file coords-v4.csv (CSV, C-alpha atoms)
chain,number,residue,atom,x,y,z
I,257,MET,CA,28.8,-16.1,-28.0
I,258,TYR,CA,26.3,-13.3,-28.3
I,259,LYS,CA,26.1,-12.6,-24.5
I,260,ASN,CA,29.8,-12.6,-23.9
I,261,PHE,CA,31.2,-11.0,-27.1
I,262,PHE,CA,28.8,-9.5,-29.5
I,263,LYS,CA,26.5,-7.9,-26.9
I,264,PRO,CA,29.4,-6.0,-25.1
I,265,LEU,CA,30.8,-4.9,-28.5
I,266,PHE,CA,27.4,-3.8,-29.7
I,267,ASP,CA,27.0,-1.8,-26.4
I,268,LYS,CA,30.3,0.0,-26.8
I,269,LEU,CA,29.8,1.0,-30.5
I,270,LEU,CA,26.2,2.0,-30.2
I,271,SER,CA,26.7,4.0,-27.0
I,272,LEU,CA,29.5,6.0,-28.7
I,273,PHE,CA,27.4,6.6,-31.8
I,274,PHE,CA,24.4,7.8,-29.7
I,275,ILE,CA,26.6,10.0,-27.5
I,276,ILE,CA,27.8,11.9,-30.6
I,277,ILE,CA,24.2,12.1,-32.1
I,278,PHE,CA,22.6,13.2,-28.8
I,279,LEU,CA,25.3,15.6,-27.7
I,280,PRO,CA,23.3,18.7,-28.9
I,281,ILE,CA,20.2,17.5,-27.2
I,282,MET,CA,22.1,16.8,-23.9
I,283,ILE,CA,23.5,20.3,-24.0
I,284,ILE,CA,20.0,21.8,-24.5
I,285,ILE,CA,18.5,19.7,-21.6
I,286,ALA,CA,21.4,20.6,-19.3
I,287,ILE,CA,20.8,24.3,-20.0
I,288,ALA,CA,17.1,23.9,-19.5
I,289,ILE,CA,17.6,22.2,-16.1
I,290,TYR,CA,20.1,24.9,-15.0
I,291,ILE,CA,17.7,27.7,-15.9
I,292,TRP,CA,14.8,25.9,-14.2
I,293,ASP,CA,16.4,24.9,-11.0
I,294,GLY,CA,20.1,25.9,-10.8
I,295,ARG,CA,23.2,23.7,-10.6
I,296,SER,CA,23.6,19.9,-10.5
I,297,VAL,CA,22.0,19.1,-13.8
I,298,ILE,CA,23.3,15.5,-13.5
I,299,PHE,CA,21.9,13.2,-10.8
I,300,THR,CA,24.3,10.5,-9.7
I,301,GLN,CA,23.6,7.6,-7.4
I,302,ASN,CA,25.2,4.3,-6.3
I,303,ARG,CA,23.5,1.3,-7.9
I,304,PRO,CA,24.3,-2.4,-8.0
I,305,GLY,CA,25.5,-3.8,-11.3
I,306,TYR,CA,26.8,-7.1,-12.6
I,307,LYS,CA,27.2,-9.5,-9.7
I,308,GLY,CA,26.1,-6.8,-7.4
I,309,LYS,CA,29.2,-4.6,-8.0
I,310,ILE,CA,28.4,-1.0,-7.1
I,311,PHE,CA,28.7,1.8,-9.7
I,312,LYS,CA,27.5,5.4,-10.1
I,313,ILE,CA,24.6,5.8,-12.4
I,314,TYR,CA,24.1,9.0,-14.4
I,315,LYS,CA,20.8,10.7,-15.1
I,316,PHE,CA,19.5,14.2,-15.8
I,317,ARG,CA,18.0,15.6,-12.6
I,318,THR,CA,14.3,15.8,-12.8
I,319,MET,CA,13.3,16.7,-9.3
I,320,THR,CA,13.9,19.9,-7.4
I,321,ASN,CA,15.6,20.0,-4.0
I,322,GLU,CA,12.6,21.6,-2.2
I,323,LYS,CA,12.3,20.8,1.5
I,324,ASP,CA,9.7,21.3,4.2
I,325,GLU,CA,10.0,23.5,7.2
I,326,ASN,CA,12.0,20.7,9.0
I,327,GLY,CA,14.6,20.5,6.2
I,328,LYS,CA,13.2,17.2,4.9
I,329,LEU,CA,12.9,16.7,1.1
I,330,LEU,CA,9.3,17.0,-0.1
I,331,PRO,CA,7.6,13.9,-1.6
I,332,ASP,CA,8.5,13.0,-5.2
I,333,GLU,CA,5.2,14.2,-6.6
I,334,LYS,CA,5.8,17.7,-5.2
I,335,ARG,CA,9.3,17.9,-6.5
I,336,LEU,CA,8.6,16.5,-9.9
I,337,LYS,CA,7.2,19.4,-12.0
I,338,GLY,CA,7.8,21.7,-14.8
I,339,VAL,CA,10.9,20.9,-17.0
I,340,GLY,CA,11.7,17.9,-14.8
I,341,LYS,CA,8.3,16.4,-15.3
I,342,PHE,CA,8.6,16.7,-19.1
I,343,ILE,CA,12.1,15.2,-19.1
I,344,ARG,CA,11.0,12.3,-17.0
I,345,SER,CA,7.8,11.6,-19.0
I,346,THR,CA,9.8,11.5,-22.3
I,347,SER,CA,12.6,9.4,-20.8
I,348,LEU,CA,15.2,12.0,-21.7
I,349,ASP,CA,16.5,11.8,-18.2
I,350,GLU,CA,18.0,8.4,-19.1
I,351,ILE,CA,20.3,9.7,-21.9
I,352,PRO,CA,23.4,10.2,-19.7
I,353,GLN,CA,23.4,6.5,-19.0
I,354,LEU,CA,25.0,6.2,-22.5
I,355,PHE,CA,28.2,7.0,-20.6
I,356,ASN,CA,27.5,4.2,-18.2
I,357,VAL,CA,27.2,1.8,-21.2
I,358,LEU,CA,30.4,3.1,-22.8
I,359,LYS,CA,32.3,2.6,-19.4
I,360,GLY,CA,31.0,-0.9,-19.2
I,361,ASP,CA,28.9,-0.5,-16.1
I,362,MET,CA,25.7,-1.1,-18.0
I,363,SER,CA,24.2,-2.5,-21.2
I,364,PHE,CA,21.5,-1.2,-23.5
I,365,ILE,CA,19.3,-4.1,-22.6
I,366,GLY,CA,19.1,-5.7,-19.2
I,367,PRO,CA,17.3,-5.5,-15.8
I,368,ARG,CA,17.2,-1.9,-14.6
I,369,PRO,CA,19.7,-1.1,-11.9
I,370,LEU,CA,17.7,-0.6,-8.7
I,371,LEU,CA,18.7,0.8,-5.3
I,372,VAL,CA,21.6,-0.7,-3.2
I,373,GLU,CA,19.3,-0.9,-0.2
I,374,TYR,CA,17.2,-3.6,-2.1
I,375,LEU,CA,20.1,-6.1,-2.3
I,376,PRO,CA,19.3,-7.9,0.9
I,377,LEU,CA,15.6,-8.0,0.1
I,378,TYR,CA,15.7,-10.2,-3.0
I,379,ASN,CA,14.9,-13.9,-2.7
I,380,ASP,CA,17.3,-16.5,-4.4
I,381,ARG,CA,15.5,-16.3,-7.7
I,382,GLN,CA,15.3,-12.5,-7.8
I,383,LYS,CA,19.1,-12.3,-7.2
I,384,LYS,CA,19.6,-13.8,-10.7
I,385,ARG,CA,18.8,-10.4,-12.1
I,386,HIS,CA,22.4,-9.5,-11.3
I,387,ASP,CA,23.8,-12.3,-13.4
I,388,VAL,CA,23.9,-9.9,-16.4
I,389,LYS,CA,24.8,-6.2,-16.6
I,390,PRO,CA,21.9,-3.8,-15.8
I,391,GLY,CA,20.3,-2.0,-18.8
I,392,ILE,CA,19.0,1.3,-19.9
I,393,THR,CA,15.8,-0.6,-20.8
I,394,GLY,CA,14.7,-4.2,-20.3
I,395,TRP,CA,11.9,-6.8,-20.6
I,396,ALA,CA,10.2,-5.3,-17.5
I,397,GLN,CA,10.2,-1.8,-19.0
I,398,VAL,CA,8.4,-2.9,-22.2
I,399,ASN,CA,5.9,-4.9,-20.1
I,400,GLY,CA,4.6,-2.2,-17.8
I,401,ARG,CA,7.7,-0.4,-16.4
I,402,ASN,CA,6.6,1.4,-13.2
I,403,ALA,CA,2.9,0.6,-13.7
I,404,ILE,CA,3.3,-3.1,-12.7
I,405,SER,CA,4.0,-4.7,-9.3
I,406,TRP,CA,7.5,-5.3,-8.0
I,407,LYS,CA,6.9,-9.1,-8.0
I,408,LYS,CA,6.0,-9.0,-11.7
I,409,LYS,CA,8.8,-6.6,-12.6
I,410,LEU,CA,11.4,-8.8,-10.9
I,411,GLU,CA,10.0,-11.9,-12.5
I,412,TYR,CA,10.3,-10.3,-15.9
I,413,ASP,CA,14.0,-9.4,-15.1
I,414,VAL,CA,14.8,-13.0,-14.2
I,415,TRP,CA,13.0,-14.3,-17.3
I,416,TYR,CA,15.2,-12.0,-19.5
I,417,VAL,CA,18.4,-13.3,-17.8
I,418,GLU,CA,17.2,-16.9,-18.6
I,419,ASN,CA,16.3,-16.2,-22.2
I,420,ILE,CA,18.8,-13.6,-23.4
I,421,SER,CA,19.4,-13.5,-27.1
I,422,PHE,CA,20.0,-11.1,-30.0
I,423,LEU,CA,16.5,-11.4,-31.3
I,424,LEU,CA,15.0,-10.7,-27.8
I,425,ASP,CA,17.2,-7.6,-27.4
I,426,MET,CA,16.1,-6.3,-30.8
I,427,LYS,CA,12.5,-6.8,-29.8
I,428,ILE,CA,13.0,-4.9,-26.6
I,429,LEU,CA,14.7,-2.0,-28.4
I,430,TRP,CA,11.8,-1.7,-30.8
I,431,LEU,CA,9.2,-2.0,-28.0
I,432,THR,CA,11.1,0.6,-26.0
I,433,PHE,CA,11.0,3.0,-28.9
I,434,LEU,CA,7.2,2.6,-29.1
I,435,LYS,CA,6.8,3.0,-25.3
I,436,VAL,CA,8.8,6.2,-25.2
I,437,ILE,CA,6.7,7.6,-28.1
I,438,ILE,CA,3.4,7.0,-26.2
I,439,ARG,CA,5.0,7.7,-22.8
I,440,ASP,CA,3.5,4.5,-21.4
I,441,GLY,CA,4.1,3.1,-17.9
I,442,VAL,CA,6.3,6.0,-16.7
I,443,ASN,CA,4.6,6.3,-13.3
I,444,SER,CA,3.2,3.7,-10.9
I,445,ASN,CA,-0.5,3.6,-10.2
I,446,THR,CA,0.0,5.0,-6.7
I,447,HIS,CA,3.1,7.2,-6.8
I,448,ALA,CA,4.7,9.8,-9.0
I,449,THR,CA,7.6,7.5,-9.7
I,450,MET,CA,7.6,4.0,-8.1
I,451,GLU,CA,6.9,2.9,-4.6
I,452,LYS,CA,9.8,1.4,-2.7
I,453,PHE,CA,10.5,-2.4,-2.8
I,454,THR,CA,10.1,-3.9,0.6
I,455,GLY,CA,10.8,-7.5,-0.1
I,456,ASP,CA,9.0,-10.5,-1.6
I,457,ASP,CA,5.7,-11.3,0.1
call {"tool": "encode", "arguments": {"input": "coords-v4.csv", "output": "structure tokens"}}
result
Amino acid sequence: MYKNFFKPLFDKLLSLFFIIIFLPIMIIIAIAIYIWDGRSVIFTQNRPGYKGKIFKIYKFRTMTNEKDENGKLLPDEKRLKGVGKFIRSTSLDEIPQLFNVLKGDMSFIGPRPLLVEYLPLYNDRQKKRHDVKPGITGWAQVNGRNAISWKKKLEYDVWYVENISFLLDMKILWLTFLKVIIRDGVNSNTHATMEKFTGDD
């Protein structure tokens, strides 16, 4: 009952509420990004959602488009700086995903939507992360986010799918608030963002 009715209803109402509340902040962030690095303040990318269905995720752009002499984009750590680095560290880049939740592509709580190229790399158990809508935050995010291994992160995702409940979602929301305040687990231990997933060892 909660998973199929109350959770989607909660997502719609809460996303609309937060879009209204955060609208002034979104405008300020968009202006700051535009001044810092020009146009394209919103970053969009195809991501797999519920049952692997592809949708476009929205985020504030946090990295520049700087390239080397061969026209190849510089590594993440060299393009993540200034305003973008602050926006990423405070998780403000995730705010536009409220529109994904309102559209029904995402939920507030669920496994984070990862790259489409990872789909064929999951083992049978890891594929269960797509049995629910992806979330803005999730069990893996409050248990280490980008600072934990891929194996651990995906196991947390599947555990959430198997144990989804109202109380668990409320716990994740509260822990997410605390994580954002202390900016914990934003980066991996080896990369500016998160190293790519290459399959289950």
call {"tool": "closest_atom_pairs", "arguments": {"input": "coords-v4.csv", "of": "range 375-400 of chain I", "to": "range 286-310 of chain I", "cutoff": "7 Å", "atoms": "only C-alpha atoms", "output": "Markdown table"}}
result
| residue | atom | partner | partner_atom | distance |
| --- | --- | --- | --- | --- |
| I:His386 | CA | I:Lys307 | CA | 5.1 |
| I:Asp387 | CA | I:Lys307 | CA | 5.8 |
| I:Val388 | CA | I:Tyr306 | CA | 5.5 |
| I:Lys389 | CA | I:Tyr306 | CA | 4.6 |
| I:Pro390 | CA | I:Gly305 | CA | 5.8 |
call {"tool": "atom_distance", "arguments": {"input": "coords-v4.csv", "atom1": "CA of Val417 in chain I", "atom2": "CA of Arg368 in chain I"}}
result
11.9 Å
call {"tool": "closest_residue", "arguments": {"input": "coords-v4.csv", "among": "I:Phe355, I:Phe311, I:Phe316, I:Trp415", "to": "Lys383 in chain I", "atoms": "all atoms listed in the file"}}
result
I:Trp415
call {"tool": "closest_residue", "arguments": {"input": "coords-v4.csv", "among": "I:Leu371, I:Val414, I:Met362, I:Leu434", "to": "Ile392 in chain I", "atoms": "only C-alpha atoms"}}
result
I:Met362
call {"tool": "residues_near_point", "arguments": {"input": "coords-v4.csv", "point": "(16.6, -6.4, -5.4)", "cutoff": "10 Å", "atoms": "all atoms listed in the file", "output": "NGL selection string"}}
result
:I and (304 or 308 or 369-379 or 382-386 or 406 or 410 or 453-456)
call {"tool": "atom_distance", "arguments": {"input": "coords-v4.csv", "atom1": "CA of Ile365 in chain I", "atom2": "CA of Gln397 in chain I"}}
result
10.1 Å
call {"tool": "closest_residue", "arguments": {"input": "coords-v4.csv", "among": "I:Pro352, I:Pro280, I:Gly360, I:Pro331", "to": "Glu451 in chain I", "atoms": "only C-alpha atoms"}}
result
I:Pro331
call {"tool": "residues_near_point", "arguments": {"input": "coords-v4.csv", "point": "(10.9, -6.3, -22.8)", "cutoff": "9 Å", "atoms": "only C-alpha atoms", "output": "list of chain:residue names"}}
result
I:Ile365, I:Gly366, I:Thr393, I:Gly394, I:Trp395, I:Ala396, I:Gln397, I:Val398, I:Asn399, I:Tyr412, I:Asp413, I:Tyr416, I:Leu424, I:Asp425, I:Lys427, I:Ile428, I:Leu429, I:Leu431, I:Thr432
call {"tool": "atom_distance", "arguments": {"input": "coords-v4.csv", "atom1": "CA of Leu279 in chain I", "atom2": "CA of Glu350 in chain I"}}
result
13.4 Å
call {"tool": "closest_residue", "arguments": {"input": "coords-v4.csv", "among": "I:Tyr314, I:Phe433, I:Phe364, I:Phe342", "to": "Lys263 in chain I", "atoms": "only C-alpha atoms"}}
result
I:Phe364
call {"tool": "residues_around", "arguments": {"input": "coords-v4.csv", "residues": "Lys341 in chain I", "least_positions_apart": "5", "cutoff": "10 Å", "atoms": "only C-alpha atoms", "output": "number ranges by chain"}}
result
I: 318-319, 333, 335-336, 346-347, 349, 448
call {"tool": "closest_residue", "arguments": {"input": "coords-v4.csv", "among": "I:Ile438, I:Met426, I:Gly400, I:Ile420", "to": "Tyr258 in chain I", "atoms": "all atoms listed in the file"}}
result
I:Ile420
